[in-house]
$ cat run22.txt   # compact mmCIF, C-alpha atoms and all ligand atoms
# COMPACT_ATOMS: atom_id res chain seq x y z
CA MET A 28 96.59 132.03 99.79
CA ASN A 29 92.95 131.10 99.65
CA ALA A 30 90.91 133.45 101.80
CA ALA A 31 87.47 132.07 101.03
CA ALA A 32 87.68 128.51 102.41
CA SER A 33 86.65 127.50 105.92
CA TYR A 34 87.82 124.38 107.75
CA ARG A 35 86.15 121.98 110.19
CA PRO A 36 85.77 118.26 110.94
CA PRO A 37 83.42 116.42 108.56
CA ARG A 38 79.96 115.24 109.50
CA PRO A 39 79.50 111.48 108.97
CA THR A 40 76.98 112.27 106.23
CA GLU A 41 79.66 114.20 104.31
CA LEU A 42 82.04 111.28 103.73
CA ALA A 43 80.51 110.52 100.32
CA GLN A 44 81.35 114.09 99.26
CA CYS A 45 84.95 113.47 100.39
CA GLY A 46 84.95 110.33 98.25
CA LEU A 47 83.91 112.37 95.20
CA VAL A 48 86.66 114.94 95.90
CA TRP A 49 89.14 112.04 95.96
CA TYR A 50 87.81 110.73 92.64
CA SER A 51 87.91 114.15 90.89
CA ALA A 52 91.40 114.98 92.19
CA VAL A 53 92.97 111.64 91.23
CA ASP A 54 91.11 111.28 87.93
CA ASP A 55 92.21 114.79 86.90
CA TYR A 56 95.92 114.16 87.15
CA MET A 57 95.76 110.53 86.05
CA ALA A 58 93.85 111.62 82.92
CA ARG A 59 96.65 114.10 82.20
CA LEU A 60 99.05 111.14 82.40
CA GLY A 61 96.89 109.20 79.95
CA ARG A 62 95.51 106.86 82.66
CA PRO A 63 91.99 108.12 83.61
CA LEU A 64 90.27 106.27 86.46
CA PRO A 65 87.45 103.80 85.73
CA PRO A 66 83.96 104.91 86.91
CA PRO A 67 83.98 105.47 90.67
CA TYR A 68 83.46 102.56 93.06
CA LEU A 69 83.85 104.35 96.38
CA ASP A 70 82.67 101.76 98.94
CA PRO A 71 86.17 100.65 100.12
CA LEU A 72 87.29 104.28 100.42
CA LEU A 73 84.16 105.20 102.39
CA ASP A 74 84.75 102.24 104.75
CA LEU A 75 88.28 103.55 105.33
CA LEU A 76 87.08 107.15 105.88
CA ARG A 77 84.48 105.93 108.40
CA HIS A 78 87.18 103.95 110.20
CA LEU A 79 89.59 106.89 110.37
CA LEU A 80 86.84 109.30 111.44
CA SER A 81 86.22 106.95 114.38
CA THR A 82 89.92 106.49 115.31
CA ASP A 83 91.32 109.96 114.51
CA PRO A 84 88.44 112.48 114.51
CA GLU A 85 90.73 115.35 115.51
CA ARG A 86 92.95 114.67 112.47
CA PHE A 87 90.17 114.68 109.85
CA VAL A 88 89.42 118.14 108.39
CA VAL A 89 87.38 119.28 105.38
CA ALA A 90 87.69 122.57 103.46
CA LEU A 91 84.46 124.29 102.45
CA SER A 92 84.14 126.94 99.78
CA ARG A 93 81.97 128.01 96.89
CA VAL A 94 83.22 126.03 93.93
CA ARG A 95 84.51 128.41 91.30
CA GLY A 96 82.53 128.49 88.09
CA VAL A 97 79.49 126.78 89.65
CA ASP A 98 76.43 129.00 90.15
CA PRO A 99 78.46 132.03 91.32
CA GLY A 100 75.28 133.77 92.47
CA GLY A 101 74.00 131.68 95.27
CA SER A 102 75.49 128.16 95.57
CA PRO A 103 76.20 127.21 99.19
CA ASP A 104 79.65 126.23 100.41
CA GLN A 105 80.57 122.65 99.59
CA ILE A 106 83.46 120.34 100.40
CA VAL A 107 86.33 121.23 98.08
CA GLY A 108 89.08 119.34 99.88
CA PHE A 109 89.82 117.08 102.82
CA GLY A 110 92.77 115.71 104.73
CA ILE A 111 93.05 112.90 107.23
CA ALA A 112 96.01 111.61 109.23
CA LEU A 113 96.34 108.88 111.84
CA GLN A 114 98.51 108.83 114.94
CA ARG A 115 99.78 105.39 116.03
CA ASP A 116 102.29 105.40 118.90
CA HIS A 117 104.98 107.93 117.87
CA VAL A 118 104.18 107.76 114.13
CA TRP A 119 101.90 110.31 112.45
CA PHE A 120 100.83 109.11 109.01
CA LEU A 121 99.06 111.23 106.40
CA SER A 122 96.45 108.92 104.88
CA GLN A 123 94.66 111.24 102.44
CA LEU A 124 94.90 114.83 101.19
CA TYR A 125 92.84 115.85 98.18
CA VAL A 126 91.54 119.12 96.73
CA LEU A 127 89.11 119.52 93.81
CA PRO A 128 91.06 120.24 90.59
CA GLN A 129 89.49 123.69 90.04
CA GLU A 130 90.41 124.70 93.62
CA GLN A 131 94.04 123.53 93.56
CA GLY A 132 97.00 125.88 93.79
CA ARG A 133 95.22 128.35 96.10
CA GLY A 134 96.64 127.23 99.43
CA ILE A 135 93.80 124.88 100.45
CA GLY A 136 95.98 121.73 100.48
CA ARG A 137 98.64 123.38 102.62
CA ALA A 138 96.01 124.81 104.99
CA LEU A 139 94.45 121.34 105.44
CA LEU A 140 97.87 119.79 106.04
CA THR A 141 98.92 122.31 108.68
CA ARG A 142 95.63 121.78 110.53
CA ILE A 143 96.17 118.03 110.89
CA LEU A 144 99.94 117.96 111.53
CA PRO A 145 101.00 117.41 115.15
CA SER A 146 101.39 120.78 116.83
CA LEU A 147 104.83 122.31 117.13
CA PRO A 148 106.47 122.55 120.55
CA PRO A 149 107.63 126.07 121.47
CA LEU A 150 110.98 126.95 119.85
CA GLY A 151 113.93 126.96 122.26
CA ALA A 152 116.55 129.70 122.09
CA GLN A 153 119.02 127.35 120.34
CA ASP A 154 116.55 125.83 117.90
CA THR A 155 117.05 126.77 114.30
CA ALA A 156 115.42 123.80 112.54
CA ALA A 157 112.35 124.73 110.53
CA ASP A 158 110.40 121.77 111.84
CA LEU A 159 110.80 120.28 115.29
CA ARG A 160 107.67 118.17 115.58
CA PRO A 161 108.36 115.18 117.84
CA GLY A 162 108.08 111.60 116.58
CA VAL A 163 107.91 110.55 112.96
CA LEU A 164 105.88 112.16 110.16
CA ALA A 165 105.21 109.86 107.20
CA THR A 166 103.00 109.40 104.17
CA CYS A 167 102.85 107.69 100.79
CA THR A 168 102.71 109.66 97.53
CA ASP A 169 102.43 109.01 93.83
CA SER A 170 105.84 109.42 92.21
CA ALA A 171 104.12 111.19 89.29
CA GLN A 172 102.74 113.98 91.53
CA PRO A 173 105.24 116.84 92.01
CA VAL A 174 102.81 119.05 93.98
CA SER A 175 102.24 116.68 96.89
CA ASN A 176 105.87 115.49 96.92
CA GLY A 177 107.12 119.08 96.96
CA MET A 178 104.65 120.22 99.60
CA TYR A 179 105.32 117.35 102.05
CA ALA A 180 109.09 117.50 101.52
CA ARG A 181 109.12 121.07 102.79
CA PHE A 182 108.04 119.62 106.14
CA GLY A 183 110.88 117.06 105.97
CA ILE A 184 108.48 114.30 104.80
CA VAL A 185 110.76 113.38 101.92
CA PRO A 186 110.23 110.51 99.42
CA ARG A 187 112.64 107.72 100.43
CA LEU A 188 111.44 104.37 99.14
CA PRO A 189 109.56 103.25 96.00
CA VAL A 190 106.51 101.01 96.49
CA PHE A 191 105.35 98.95 93.53
CA ASN A 192 101.79 97.83 92.81
CA LEU A 193 101.89 94.22 91.63
CA VAL A 194 98.70 92.76 90.18
CA GLY A 195 97.69 89.45 88.63
CA THR A 196 96.34 85.96 89.03
CA ALA A 197 98.88 84.20 91.20
CA ARG A 198 100.49 80.78 90.61
CA PRO A 199 101.72 80.17 94.17
CA SER A 200 102.78 76.55 93.49
CA ILE A 201 106.07 77.95 92.18
CA LEU A 202 106.92 79.40 95.61
CA PRO A 203 108.61 77.47 98.44
CA THR A 204 106.35 75.93 101.08
CA LEU A 205 106.71 76.84 104.76
CA PRO A 206 109.85 75.14 106.12
CA ASP A 207 109.67 72.36 108.71
CA GLY A 208 109.40 73.83 112.16
CA ILE A 209 107.08 76.70 111.16
CA ASP A 210 103.45 76.33 112.23
CA VAL A 211 100.60 78.51 111.01
CA THR A 212 97.21 79.14 112.65
CA PRO A 213 94.32 81.34 111.47
CA PHE A 214 93.73 84.27 113.83
CA ALA A 215 90.17 83.08 114.54
CA GLU A 216 91.50 79.70 115.69
CA VAL A 217 94.16 81.29 117.94
CA GLU A 218 91.35 83.29 119.53
CA ARG A 219 89.17 80.20 120.05
CA GLN A 220 91.98 78.08 121.51
CA GLY A 221 92.56 78.38 125.23
CA HIS A 222 89.59 80.75 125.62
CA GLY A 223 92.05 83.34 126.85
CA ALA A 224 92.79 81.44 130.05
CA PRO A 225 95.54 83.21 132.03
CA GLY A 226 98.98 81.98 130.95
CA SER A 227 97.73 80.24 127.82
CA GLU A 228 99.43 81.25 124.60
CA SER A 229 96.15 81.76 122.79
CA GLY A 230 92.92 83.69 123.15
CA PRO A 231 91.97 87.17 121.87
CA ALA A 232 94.06 89.19 124.37
CA TRP A 233 97.18 87.07 123.80
CA LEU A 234 96.77 87.37 120.01
CA ALA A 235 96.32 91.16 120.22
CA ASP A 236 99.45 91.49 122.39
CA THR A 237 101.40 89.21 120.04
CA ILE A 238 100.40 91.13 116.92
CA ALA A 239 101.25 94.42 118.64
CA ALA A 240 104.72 93.11 119.56
CA ILE A 241 105.36 91.92 115.99
CA ASP A 242 104.15 95.27 114.62
CA ARG A 243 106.40 97.26 116.96
CA ASP A 244 109.35 95.19 115.75
CA ALA A 245 108.62 95.27 111.99
CA LEU A 246 106.48 98.39 111.43
CA GLY A 247 107.71 100.47 114.35
CA TYR A 248 104.28 100.96 115.94
CA ALA A 249 101.26 98.94 117.09
CA HIS A 250 97.83 99.56 115.55
CA PRO A 251 95.22 97.16 116.98
CA GLU A 252 92.34 99.38 115.81
CA ASP A 253 93.48 98.94 112.20
CA HIS A 254 93.72 95.15 112.55
CA ALA A 255 90.10 95.14 113.73
CA TYR A 256 89.16 97.19 110.66
CA LEU A 257 91.04 94.85 108.29
CA ARG A 258 89.35 91.77 109.74
CA ALA A 259 85.92 93.40 109.58
CA ASN A 260 86.54 94.16 105.91
CA GLY A 261 87.20 90.69 104.60
CA ARG A 262 90.90 90.09 105.27
CA SER A 263 91.85 86.77 106.84
CA GLY A 264 94.84 86.81 109.17
CA PHE A 265 97.30 84.03 110.04
CA LEU A 266 99.87 83.75 112.82
CA TYR A 267 103.21 82.05 112.10
CA ARG A 268 105.11 80.40 114.97
CA THR A 269 108.10 78.19 115.47
CA SER A 270 107.24 74.67 116.58
CA ASP A 271 108.16 75.61 120.16
CA GLY A 272 105.45 78.30 120.01
CA ARG A 273 107.52 81.46 119.43
CA PRO A 274 105.56 83.95 117.25
CA ILE A 275 107.56 85.04 114.20
CA GLY A 276 105.05 86.96 112.11
CA TYR A 277 101.58 87.36 110.70
CA GLY A 278 100.01 87.88 107.28
CA TYR A 279 96.67 88.62 105.59
CA HIS A 280 95.03 87.92 102.24
CA SER A 281 91.40 88.29 101.13
CA GLU A 282 89.09 86.66 98.63
CA ALA A 283 88.75 90.08 97.01
CA GLY A 284 92.47 89.78 96.22
CA ARG A 285 93.74 92.46 98.61
CA PHE A 286 97.03 91.16 99.97
CA GLY A 287 98.71 92.18 103.23
CA PRO A 288 99.73 93.49 105.58
CA VAL A 289 102.50 90.99 106.30
CA ALA A 290 104.95 91.50 109.18
CA LEU A 291 107.80 89.09 109.92
CA LEU A 292 110.58 88.95 112.48
CA ASP A 293 112.67 86.90 110.01
CA GLU A 294 112.82 88.29 106.46
CA THR A 295 113.97 84.95 105.00
CA LEU A 296 110.43 83.59 105.51
CA ILE A 297 108.78 86.10 103.16
CA ALA A 298 108.55 83.87 100.04
CA PRO A 299 107.04 80.82 101.83
CA VAL A 300 104.64 83.08 103.78
CA ILE A 301 103.50 84.71 100.52
CA GLY A 302 103.07 81.24 99.02
CA HIS A 303 101.05 80.09 102.02
CA LEU A 304 98.74 83.13 101.98
CA LEU A 305 98.12 82.95 98.21
CA THR A 306 97.38 79.21 98.44
CA THR A 307 95.19 79.23 101.54
CA ILE A 308 93.05 82.26 100.66
CA GLN A 309 92.37 82.06 96.95
CA ALA A 310 91.35 85.36 95.38
CA ARG A 311 88.21 85.31 93.24
CA GLY A 312 90.10 87.29 90.59
CA ALA A 313 93.43 89.09 90.51
CA THR A 314 95.53 89.67 93.62
CA THR A 315 96.87 93.18 94.21
CA VAL A 316 99.74 93.99 96.57
CA TRP A 317 102.01 96.95 97.37
CA VAL A 318 105.68 95.92 97.60
CA PRO A 319 108.34 98.32 98.97
CA GLY A 320 111.57 98.25 96.94
CA ALA A 321 113.43 97.31 100.14
CA ASN A 322 111.52 94.01 100.23
CA ASP A 323 113.50 92.34 97.44
CA ARG A 324 112.43 88.85 98.50
CA ALA A 325 108.74 89.76 98.18
CA MET A 326 109.31 91.43 94.82
CA VAL A 327 111.01 88.33 93.42
CA ALA A 328 108.35 86.02 94.88
CA PHE A 329 105.35 87.91 93.48
CA LEU A 330 106.94 88.32 90.04
CA ARG A 331 107.78 84.60 89.94
CA ALA A 332 104.21 83.81 91.01
CA GLY A 333 102.98 85.65 87.91
CA LEU A 334 102.04 89.12 89.15
CA ARG A 335 103.13 92.12 87.09
CA ILE A 336 104.01 95.71 87.94
CA GLU A 337 101.09 98.05 87.33
CA GLY A 338 101.61 101.76 86.55
CA PHE A 339 104.28 103.91 88.16
CA PRO A 340 105.49 103.38 91.72
CA ALA A 341 104.28 105.16 94.81
CA GLN A 342 106.82 106.46 97.32
CA LEU A 343 107.04 106.09 101.06
CA CYS A 344 108.03 109.42 102.59
CA TRP A 345 109.19 110.12 106.13
CA THR A 346 111.04 112.54 108.37
CA ARG A 347 112.91 109.73 110.16
CA PRO A 348 113.10 105.97 109.47
CA PHE A 349 110.50 103.99 111.44
CA ALA A 350 109.88 100.58 109.83
CA ALA A 351 111.82 97.55 108.56
CA PHE A 352 110.31 97.46 105.06
CA ASP A 353 112.47 94.46 104.10
CA ARG A 354 110.11 92.40 106.30
CA TYR A 355 106.89 94.41 106.20
CA LEU A 356 104.35 94.57 103.35
CA PRO A 357 101.71 97.30 103.79
CA GLY A 358 98.03 96.43 103.45
CA SER A 359 97.43 99.63 101.45
CA LEU A 360 99.04 103.01 100.89
CA ALA A 361 96.44 104.83 102.97
CA LEU A 362 96.80 102.59 106.02
CA LEU A 363 100.12 100.78 106.20
C1 LIG A 401 98.28 117.66 96.29
C2 LIG A 401 97.11 118.59 96.62
C3 LIG A 401 96.32 118.03 97.80
C4 LIG A 401 97.68 119.95 97.03
O1 LIG A 401 96.62 120.83 97.31
P1 LIG A 401 96.62 122.33 96.70
O2 LIG A 401 95.50 123.06 97.31
O3 LIG A 401 96.68 122.25 95.22
O4 LIG A 401 98.03 122.84 97.26
P2 LIG A 401 98.45 124.28 97.77
O5 LIG A 401 98.02 125.30 96.78
O6 LIG A 401 98.01 124.49 99.18
O7 LIG A 401 100.05 124.14 97.86
C5 LIG A 401 100.77 123.50 96.90
C6 LIG A 401 102.22 123.52 97.40
O8 LIG A 401 103.00 122.66 96.57
C7 LIG A 401 104.09 123.41 96.06
N1 LIG A 401 104.43 122.89 94.75
C8 LIG A 401 103.63 122.85 93.66
N2 LIG A 401 104.32 122.31 92.64
C9 LIG A 401 105.55 122.01 93.11
C10 LIG A 401 106.71 121.45 92.52
N3 LIG A 401 106.73 121.09 91.24
N4 LIG A 401 107.80 121.28 93.30
C11 LIG A 401 107.80 121.65 94.60
N5 LIG A 401 106.72 122.20 95.21
C12 LIG A 401 105.62 122.39 94.45
C13 LIG A 401 103.57 124.83 96.00
O9 LIG A 401 104.63 125.77 95.96
C14 LIG A 401 102.80 124.92 97.29
O10 LIG A 401 103.70 125.04 98.38
P3 LIG A 401 103.77 126.35 99.28
O11 LIG A 401 102.43 126.47 99.93
O12 LIG A 401 104.84 126.07 100.26
O13 LIG A 401 104.06 127.47 98.34
C15 LIG A 401 96.19 118.79 95.40
O14 LIG A 401 96.93 119.41 94.38
C16 LIG A 401 95.58 117.50 94.90
O15 LIG A 401 94.54 117.09 95.38
N6 LIG A 401 96.22 116.89 93.88
C17 LIG A 401 95.73 115.70 93.27
C18 LIG A 401 95.65 114.53 94.22
C19 LIG A 401 96.94 114.23 94.94
O16 LIG A 401 97.96 114.06 94.33
N7 LIG A 401 96.87 114.15 96.27
C20 LIG A 401 97.98 113.76 97.09
C21 LIG A 401 98.07 112.27 97.12
S1 LIG A 401 99.71 111.72 97.40
$ encode --input "run22.txt" --output "structure tokens" --more "lines below"
Ligand SMILES: CC(C)(COP(=O)(O)OP(=O)(O)OC[C@H]1O[C@@H](n2cnc3c(N)ncnc32)[C@H](O)[C@@H]1OP(=O)(O)O)[C@@H](O)C(=O)NCCC(=O)NCCS
Amino acid sequence: MNAAASYRPPRPTELAQCGLVWYSAVDDYMARLGRPLPPPYLDPLLDLLRHLLSTDPERFVVALSRVRGVDPGGSPDQIVGFGIALQRDHVWFLSQLYVLPQEQGRGIGRALLTRILPSLPPLGAQDTAADLRPGVLATCTDSAQPVSNGMYARFGIVPRLPVFNLVGTARPSILPTLPDGIDVTPFAEVERQGHGAPGSESGPAWLADTIAAIDRDALGYAHPEDHAYLRANGRSGFLYRTSDGRPIGYGYHSEAGRFGPVALLDETLIAPVIGHLLTTIQARGATTVWVPGANDRAMVAFLRAGLRIEGFPAQLCWTRPFAAFDRYLPGSLALL
């Protein structure tokens, strides 16, 4: 075990250091796989870290230590690792856990993880299970990373489902259009309509409640704070309804090409919804999307639209099932 590290929440000014830890940790093992990272562009990661520090400050911890081999005489402690998880309803999700390459294998990653896991209830006399944390524990890992997969699996957070990164310039005209009887409205327009008058099926409060209900059905939990973050960071959302006004799903795309999340109550609509989002919000360059293997309709649609699988798959890991991934596409692997 590492005796020298100390642990505490980060200061807002330290998030850039966390970003550099992320870059070093990922670049190190990707380089060993022959796929080194391009030069760092950390702005999207720092936006996410700022968001999670605001929503889950008690689940964001940094490890500080003197970095081995660097000025052993007098260098001050610096951030050598960090971990951050989010809690949404009953689901705890590990968003990030990274340790500098030269500090790995000394117990820092495990110490960070145990500090941000939900606390254990007291063991009852009959309890023999090694881990009895209530709710669901989940995360997403790289399939090529045995250390993280092994460490999380010991807590029951076992890899269950591959998630493929599909990338490319889309040709959505090949996909089916939305069927008759399905209406689509941009989120901003739903919010403007009705001005939130009581009883009207529009307005900001109605939209927030509607999205939360769809999320609880498809993803297993509501996360309004993350929708606000997505919209503030360039993703455009659309609400899909039957012609008699019944909400049946939502989806996002962005001009930067970041696709998702998409949540549907009816999985047979996935191909036309993908077609609609790719057509309505045209990416300036390539579109990138994460597709769970369970979402066969989305996989077929994106491949037919011209996207290609990039690299090796990630893996969704959980202690207990929580989402219907045949009708949910995550917006990223760090924030489903
Ligand atoms: C993954 C990472 C955060 C772990 O941090 P770390 O400080 O190196 O990890 P620790 O030394 O605390 O513990 C590693 C654990 O993994 C276990 N482990 C290592 N290799 C393993 C393997 N092949 N199979 C099973 N378990 C393995 C170790 O036994 C240890 O578990 P233990 O504490 O129960 O004995 C760190 O290695 C890292 O940043 N890696 C690169 C980036 C990354 O992959 N991050 C996770 C994103 S999904």
$ closest_residue --input "run22.txt" --among "A:Thr237, A:Thr306, A:Gln342, A:Thr204" --to "ligand LIG 401 (chain A)" --atoms "only C-alpha atoms and all ligand atoms"
A:Gln342
$ residues_around --input "run22.txt" --residues "Ala171 (chain A)" --least-positions-apart "6" --cutoff "10 Å" --atoms "all atoms listed in the file" --output "list in words"
Tyr56, Met57, Leu60, Phe339, Pro340, Ala341 and Gln342 of chain A
$ residues_near_ligand --input "run22.txt" --ligand "ligand LIG 401 (chain A)" --cutoff "8 Å" --atoms "all atoms listed in the file" --output "PyMOL selection string"
chain A and resi 28+49+52-53+55-56+108+123-128+130-139+166-169+172-179+181
$ closest_atom_pairs --input "run22.txt" --of "region 121-199 of chain A" --to "region 80-84 of chain A" --cutoff "12 Å" --atoms "all atoms listed in the file" --output "JSON lines"
{"residue": "A:Leu121", "atom": "CA", "partner": "A:Asp83", "partner_atom": "CA", "distance": 11.3}
{"residue": "A:Ser122", "atom": "CA", "partner": "A:Asp83", "partner_atom": "CA", "distance": 11.0}
{"residue": "A:Ile143", "atom": "CA", "partner": "A:Asp83", "partner_atom": "CA", "distance": 10.1}
$ atom_distance --input "run22.txt" --atom1 "CA of Ala197 (chain A)" --atom2 "CA of Ala332 (chain A)"
5.3 Å
$ residues_around --input "run22.txt" --residues "Phe349 (chain A)" --least-positions-apart "2" --cutoff "10 Å" --atoms "all atoms listed in the file" --output "MDAnalysis selection string"
chainID A and resid 117:118 162:165 243:248 345:347 351:352
$ closest_residue --input "run22.txt" --among "A:Phe87, A:Pro288, A:Arg35, A:Val107" --to "Leu47 (chain A)" --atoms "all atoms listed in the file"
A:Val107
$ closest_residue --input "run22.txt" --among "A:Ile308, A:Pro199, A:Asp253, A:Gly264" --to "Ala328 (chain A)" --atoms "all atoms listed in the file"
A:Pro199
$ closest_residue --input "run22.txt" --among "A:Ala361, A:Leu305, A:Ala255, A:Leu202" --to "Pro71 (chain A)" --atoms "only C-alpha atoms"
A:Ala361
$ atom_distance --input "run22.txt" --atom1 "CA of Val316 (chain A)" --atom2 "CA of Val194 (chain A)"
6.6 Å
$ atom_distance --input "run22.txt" --atom1 "CA of Asp104 (chain A)" --atom2 "CA of Leu140 (chain A)"
20.1 Å
$ closest_residue --input "run22.txt" --among "A:Ile201, A:Ala235, A:Leu79, A:Ile209" --to "Gly302 (chain A)" --atoms "only C-alpha atoms"
A:Ile201
$ residues_around --input "run22.txt" --residues "Ala298 (chain A)" --least-positions-apart "5" --cutoff "9 Å" --atoms "only C-alpha atoms" --output "PyMOL selection string"
chain A and resi 202-205+303+324-325+327-329
$ write_last_selection --input "run22.txt" --atoms "C-alpha atoms" --output "PDB file, keeping the file's coordinate frame"
ATOM      1  CA  LEU A 202     106.920  79.400  95.610  1.00  0.00           C
ATOM      2  CA  PRO A 203     108.610  77.470  98.440  1.00  0.00           C
ATOM      3  CA  THR A 204     106.350  75.930 101.080  1.00  0.00           C
ATOM      4  CA  LEU A 205     106.710  76.840 104.760  1.00  0.00           C
ATOM      5  CA  HIS A 303     101.050  80.090 102.020  1.00  0.00           C
ATOM      6  CA  ARG A 324     112.430  88.850  98.500  1.00  0.00           C
ATOM      7  CA  ALA A 325     108.740  89.760  98.180  1.00  0.00           C
ATOM      8  CA  VAL A 327     111.010  88.330  93.420  1.00  0.00           C
ATOM      9  CA  ALA A 328     108.350  86.020  94.880  1.00  0.00           C
ATOM     10  CA  PHE A 329     105.350  87.910  93.480  1.00  0.00           C
TER      11      PHE A 329
END
$ closest_residue --input "run22.txt" --among "A:Pro206, A:Gly333, A:Gly61, A:Pro37" --to "Ile111 (chain A)" --atoms "all atoms listed in the file"
A:Pro37
